[in-house]
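Shown next: coords_34.cif, given as mmCIF, C-alpha atoms.
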data_protein
#
loop_
_atom_site.group_PDB
_atom_site.id
_atom_site.type_symbol
_atom_site.label_atom_id
_atom_site.label_comp_id
_atom_site.auth_asym_id
_atom_site.auth_seq_id
_atom_site.Cartn_x
_atom_site.Cartn_y
_atom_site.Cartn_z
ATOM 1 C CA MET A 402 103.059 69.129 97.567
ATOM 2 C CA GLU A 403 105.932 71.418 98.608
ATOM 3 C CA GLU A 404 108.081 73.130 96.002
ATOM 4 C CA LYS A 405 111.816 73.324 96.759
ATOM 5 C CA THR A 406 113.799 76.324 95.528
ATOM 6 C CA LEU A 407 116.765 75.220 93.426
ATOM 7 C CA GLU A 408 117.900 78.651 92.197
ATOM 8 C CA ARG A 409 117.013 82.185 93.255
ATOM 9 C CA GLU A 410 117.649 85.407 91.324
ATOM 10 C CA VAL A 411 116.892 88.874 92.692
ATOM 11 C CA ILE A 412 115.293 90.863 89.868
ATOM 12 C CA TYR A 413 114.437 94.077 91.697
ATOM 13 C CA GLU A 414 114.903 95.558 95.176
ATOM 14 C CA GLY A 415 112.610 98.483 95.879
ATOM 15 C CA LYS A 416 111.275 100.669 98.653
ATOM 16 C CA VAL A 417 107.954 98.785 98.929
ATOM 17 C CA PHE A 418 108.702 95.304 97.599
ATOM 18 C CA ASN A 419 111.342 93.022 96.093
ATOM 19 C CA VAL A 420 110.952 90.749 93.075
ATOM 20 C CA GLU A 421 112.687 87.392 92.703
ATOM 21 C CA LYS A 422 112.726 84.607 90.126
ATOM 22 C CA HIS A 423 112.953 81.093 91.524
ATOM 23 C CA VAL A 424 113.600 77.807 89.773
ATOM 24 C CA VAL A 425 111.677 75.234 91.784
ATOM 25 C CA SER A 426 111.506 71.486 91.941
ATOM 26 C CA LEU A 427 107.901 70.282 91.681
ATOM 27 C CA PRO A 428 106.417 67.325 93.589
ATOM 28 C CA ASN A 429 106.501 65.235 90.374
ATOM 29 C CA GLY A 430 110.250 65.856 89.913
ATOM 30 C CA ASN A 431 109.925 68.440 87.120
ATOM 31 C CA THR A 432 111.110 72.021 87.477
ATOM 32 C CA SER A 433 109.308 75.310 86.908
ATOM 33 C CA ILE A 434 109.845 79.054 87.238
ATOM 34 C CA ARG A 435 108.139 81.170 89.916
ATOM 35 C CA GLU A 436 108.174 84.970 89.781
ATOM 36 C CA LEU A 437 107.584 86.241 93.310
ATOM 37 C CA VAL A 438 106.917 89.594 94.946
ATOM 38 C CA TYR A 439 108.099 89.927 98.557
ATOM 39 C CA HIS A 440 106.364 92.577 100.638
ATOM 40 C CA ASN A 441 106.635 93.381 104.383
ATOM 41 C CA GLY A 442 102.860 93.285 104.739
ATOM 42 C CA ALA A 443 100.227 95.840 105.580
ATOM 43 C CA VAL A 444 97.510 96.738 108.039
ATOM 44 C CA ALA A 445 93.978 97.998 107.501
ATOM 45 C CA ILE A 446 91.564 99.404 110.029
ATOM 46 C CA ILE A 447 87.807 99.050 110.368
ATOM 47 C CA ALA A 448 86.725 102.147 112.302
ATOM 48 C CA PHE A 449 83.396 103.863 112.880
ATOM 49 C CA ASP A 450 82.653 107.501 113.688
ATOM 50 C CA GLU A 451 80.372 108.651 116.489
ATOM 51 C CA LYS A 452 77.283 108.035 114.289
ATOM 52 C CA GLY A 453 78.350 104.448 113.580
ATOM 53 C CA ASP A 454 79.398 105.127 109.992
ATOM 54 C CA LEU A 455 82.492 103.502 108.492
ATOM 55 C CA LEU A 456 85.564 105.717 108.105
ATOM 56 C CA VAL A 457 87.022 105.477 104.593
ATOM 57 C CA VAL A 458 89.510 107.399 102.520
ATOM 58 C CA GLU A 459 89.379 108.201 98.833
ATOM 59 C CA GLN A 460 92.699 108.331 97.022
ATOM 60 C CA TYR A 461 94.108 107.973 93.548
ATOM 61 C CA ARG A 462 95.636 104.579 92.783
ATOM 62 C CA LYS A 463 98.208 104.717 90.000
ATOM 63 C CA ALA A 464 98.158 100.931 89.474
ATOM 64 C CA PHE A 465 94.674 101.121 87.950
ATOM 65 C CA GLU A 466 94.512 104.871 87.206
ATOM 66 C CA GLN A 467 91.389 105.663 89.270
ATOM 67 C CA LEU A 468 90.190 107.030 92.553
ATOM 68 C CA SER A 469 89.633 104.289 95.092
ATOM 69 C CA ILE A 470 87.491 104.250 98.237
ATOM 70 C CA GLU A 471 89.234 102.234 100.944
ATOM 71 C CA ILE A 472 89.384 101.694 104.667
ATOM 72 C CA PRO A 473 92.461 103.347 106.229
ATOM 73 C CA ALA A 474 95.558 101.230 105.665
ATOM 74 C CA GLY A 475 99.293 101.286 105.280
ATOM 75 C CA LYS A 476 102.389 99.210 104.816
ATOM 76 C CA LEU A 477 104.373 97.653 107.627
ATOM 77 C CA GLU A 478 107.972 98.655 108.066
ATOM 78 C CA LYS A 479 110.382 95.728 108.386
ATOM 79 C CA GLY A 480 109.886 94.190 111.847
ATOM 80 C CA GLU A 481 107.080 96.595 112.809
ATOM 81 C CA ASN A 482 104.302 95.359 115.111
ATOM 82 C CA PRO A 483 101.036 95.247 113.092
ATOM 83 C CA GLU A 484 98.895 96.609 115.939
ATOM 84 C CA GLU A 485 101.195 99.602 116.421
ATOM 85 C CA CYS A 486 101.181 100.193 112.674
ATOM 86 C CA ALA A 487 97.363 100.106 112.656
ATOM 87 C CA GLY A 488 97.204 102.815 115.324
ATOM 88 C CA ARG A 489 99.727 104.949 113.459
ATOM 89 C CA GLU A 490 97.980 104.594 110.095
ATOM 90 C CA LEU A 491 94.538 105.370 111.569
ATOM 91 C CA LYS A 492 95.913 108.604 113.054
ATOM 92 C CA GLU A 493 97.855 109.569 109.926
ATOM 93 C CA GLU A 494 95.007 109.027 107.460
ATOM 94 C CA THR A 495 91.904 109.989 109.474
ATOM 95 C CA GLY A 496 93.104 111.960 112.492
ATOM 96 C CA TYR A 497 91.377 109.509 114.836
ATOM 97 C CA THR A 498 93.168 107.761 117.688
ATOM 98 C CA ALA A 499 91.858 104.535 119.195
ATOM 99 C CA THR A 500 92.032 103.301 122.783
ATOM 100 C CA GLU A 501 91.680 99.739 121.534
ATOM 101 C CA LEU A 502 92.591 97.825 118.405
ATOM 102 C CA ASN A 503 91.199 94.320 118.063
ATOM 103 C CA HIS A 504 92.637 91.907 115.515
ATOM 104 C CA VAL A 505 89.868 90.644 113.212
ATOM 105 C CA PHE A 506 91.643 88.546 110.548
ATOM 106 C CA ASP A 507 94.612 88.375 108.158
ATOM 107 C CA PHE A 508 94.631 87.565 104.475
ATOM 108 C CA TYR A 509 96.900 87.212 101.448
ATOM 109 C CA GLY A 510 95.479 89.107 98.480
ATOM 110 C CA ALA A 511 97.458 87.362 95.732
ATOM 111 C CA PRO A 512 99.139 84.274 97.234
ATOM 112 C CA GLY A 513 100.047 82.868 93.824
ATOM 113 C CA PHE A 514 102.915 85.350 93.516
ATOM 114 C CA CYS A 515 102.921 87.828 96.415
ATOM 115 C CA SER A 516 103.850 87.441 100.107
ATOM 116 C CA GLU A 517 101.921 90.522 101.273
ATOM 117 C CA ARG A 518 99.899 89.611 104.372
ATOM 118 C CA VAL A 519 97.277 92.175 105.356
ATOM 119 C CA HIS A 520 96.332 92.398 109.051
ATOM 120 C CA ILE A 521 92.815 93.736 109.666
ATOM 121 C CA TYR A 522 92.017 95.476 112.957
ATOM 122 C CA GLU A 523 88.827 96.992 114.315
ATOM 123 C CA ALA A 524 89.322 100.236 116.210
ATOM 124 C CA GLY A 525 87.379 101.184 119.329
ATOM 125 C CA GLY A 526 87.283 104.136 121.688
ATOM 126 C CA LEU A 527 87.921 106.688 118.958
ATOM 127 C CA THR A 528 88.854 110.313 119.534
ATOM 128 C CA ALA A 529 88.896 112.730 116.597
ATOM 129 C CA GLY A 530 92.018 114.758 115.881
ATOM 130 C CA GLU A 531 94.194 116.114 113.088
ATOM 131 C CA ARG A 532 95.425 113.948 110.220
ATOM 132 C CA GLN A 533 99.173 113.510 109.746
ATOM 133 C CA LEU A 534 99.473 112.549 106.085
ATOM 134 C CA ASP A 535 102.791 111.490 104.593
ATOM 135 C CA ALA A 536 104.337 114.004 102.167
ATOM 136 C CA ASP A 537 103.332 111.867 99.143
ATOM 137 C CA GLU A 538 99.829 111.045 100.414
ATOM 138 C CA PHE A 539 96.769 112.865 99.066
ATOM 139 C CA LEU A 540 93.397 111.612 100.209
ATOM 140 C CA GLU A 541 89.941 112.703 101.263
ATOM 141 C CA ASN A 542 88.142 111.356 104.303
ATOM 142 C CA GLN A 543 84.563 110.135 104.031
ATOM 143 C CA THR A 544 82.095 108.080 106.021
ATOM 144 C CA LEU A 545 79.689 105.442 104.747
ATOM 145 C CA THR A 546 76.539 103.960 106.178
ATOM 146 C CA LEU A 547 76.278 100.194 105.825
ATOM 147 C CA GLU A 548 73.566 100.583 103.183
ATOM 148 C CA ARG A 549 75.703 102.976 101.121
ATOM 149 C CA ALA A 550 78.828 100.820 101.528
ATOM 150 C CA LEU A 551 76.966 97.724 100.271
ATOM 151 C CA GLU A 552 75.595 99.731 97.344
ATOM 152 C CA LEU A 553 79.099 100.922 96.365
ATOM 153 C CA VAL A 554 80.395 97.346 96.464
ATOM 154 C CA ALA A 555 77.444 96.070 94.411
ATOM 155 C CA ASN A 556 77.771 98.744 91.717
ATOM 156 C CA GLY A 557 81.549 98.285 91.368
ATOM 157 C CA THR A 558 82.582 101.642 92.834
ATOM 158 C CA ILE A 559 84.456 99.989 95.705
ATOM 159 C CA VAL A 560 86.889 97.496 94.166
ATOM 160 C CA ASP A 561 89.533 97.286 96.902
ATOM 161 C CA ALA A 562 89.609 93.760 98.394
ATOM 162 C CA LYS A 563 90.397 94.748 101.990
ATOM 163 C CA THR A 564 87.554 97.256 101.978
ATOM 164 C CA ILE A 565 85.087 94.789 100.475
ATOM 165 C CA MET A 566 86.045 92.235 103.153
ATOM 166 C CA ALA A 567 85.670 94.855 105.895
ATOM 167 C CA ILE A 568 82.204 95.804 104.642
ATOM 168 C CA GLN A 569 81.188 92.147 104.421
ATOM 169 C CA HIS A 570 82.479 91.591 107.978
ATOM 170 C CA TRP A 571 80.442 94.603 109.162
ATOM 171 C CA HIS A 572 77.349 93.356 107.323
ATOM 172 C CA ILE A 573 77.619 89.815 108.726
ATOM 173 C CA ARG A 574 78.138 91.164 112.248
ATOM 174 C CA THR A 575 75.054 93.363 111.829
ATOM 175 C CA LEU A 576 72.959 90.419 110.601
ATOM 176 C CA LYS A 577 74.053 88.271 113.555
ATOM 177 C CA SER A 578 72.846 90.915 116.023
ATOM 178 C CA PHE A 579 69.189 90.407 115.011
#
Take the structure in the file and write it out as structure tokens.
Amino acid sequence: MEEKTLEREVIYEGKVFNVEKHVVSLPNGNTSIRELVYHNGAVAIIAFDEKGDLLVVEQYRKAFEQLSIEIPAGKLEKGENPEECAGRELKEETGYTATELNHVFDFYGAPGFCSERVHIYEAGGLTAGERQLDADEFLENQTLTLERALELVANGTIVDAKTIMAIQHWHIRTLKSF
């Protein structure tokens, strides 16, 4: 079932991702074209404030021209350790630092064409502090109860996949505790 690359053409090299066009040999002997996006990956953090509410950020997303409510997240630099990146991004976006970061799961959001692997961590032992936003980052911090988070997923307000998965993880964990 493996596809072998016969030809590779770099279409675009950018700051966040690269795009390539591959001619591949298919298992049946035919050839096809694959347009691929290569990305270093990202991290996202499930973190709760002192009341047990989920920390989220609201920011404008140019790709779909809307505000988006998301768990804190950020892109990995080439060769960066995901756990270290998670701690850095949590501090930058929310001001919180964590004494522990536990890996929950990884996922590929669009494996048909994109290599971006998102590493999800849950933060523990939080201490509040000052945010350290990047110069091009504009966001507002919020918190959500589980009930409110589920409502925002159900009504289509939260559309970000990593955030929906984090809320579902939180919900399942809560159900298991009964």
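Ranking A:Glu451, A:Glu466, A:Glu485, A:Glu493 by their shortest atom-to-atom distance to Leu527 of chain A, with all atoms listed in the file included, puts A:Glu451 first.
Between atom CA of Glu523 of chain A and atom CA of Ile447 of chain A the separation is 4.6 Å.
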### Task
Check the smallest atom-to-atom distance from each of A:Lys422, A:Arg549, A:Lys452, A:Lys479 to Ile568 of chain A using all atoms listed in the file, then report the winner.
A:Arg549
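Distance check against Gly526 of chain A using only C-alpha atoms: of A:Asn503, A:Phe418, A:Ala567, A:Thr406, the minimum falls on A:Asn503.
Atom CA of Thr495 of chain A is found 28.0 Å from atom CA of Tyr439 of chain A.
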### Query
Which residue, A:Ala499, A:Val420, A:Val425, A:Val505, has the smallest gap to Ala445 of chain A when you use all atoms listed in the file?
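The answer is A:Val505, which sits nearest to Ala445 of chain A.
Using only C-alpha atoms, the smallest distance between any of A:Arg489, A:Lys476, A:His570, A:Lys463 and Lys416 of chain A comes from A:Lys476.
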### segment 530-539 of chain A surroundings by only C-alpha atoms, 7 Å radius, close-in-sequence under 6 positions cut, as a ChimeraX atom specification
/A:460,492-497
### Task
Would you mind telling me which residue in A:Leu455, A:Leu551, A:Val444, A:Leu545 lies nearest to Leu502 of chain A when using all atoms listed in the file?
A:Val444
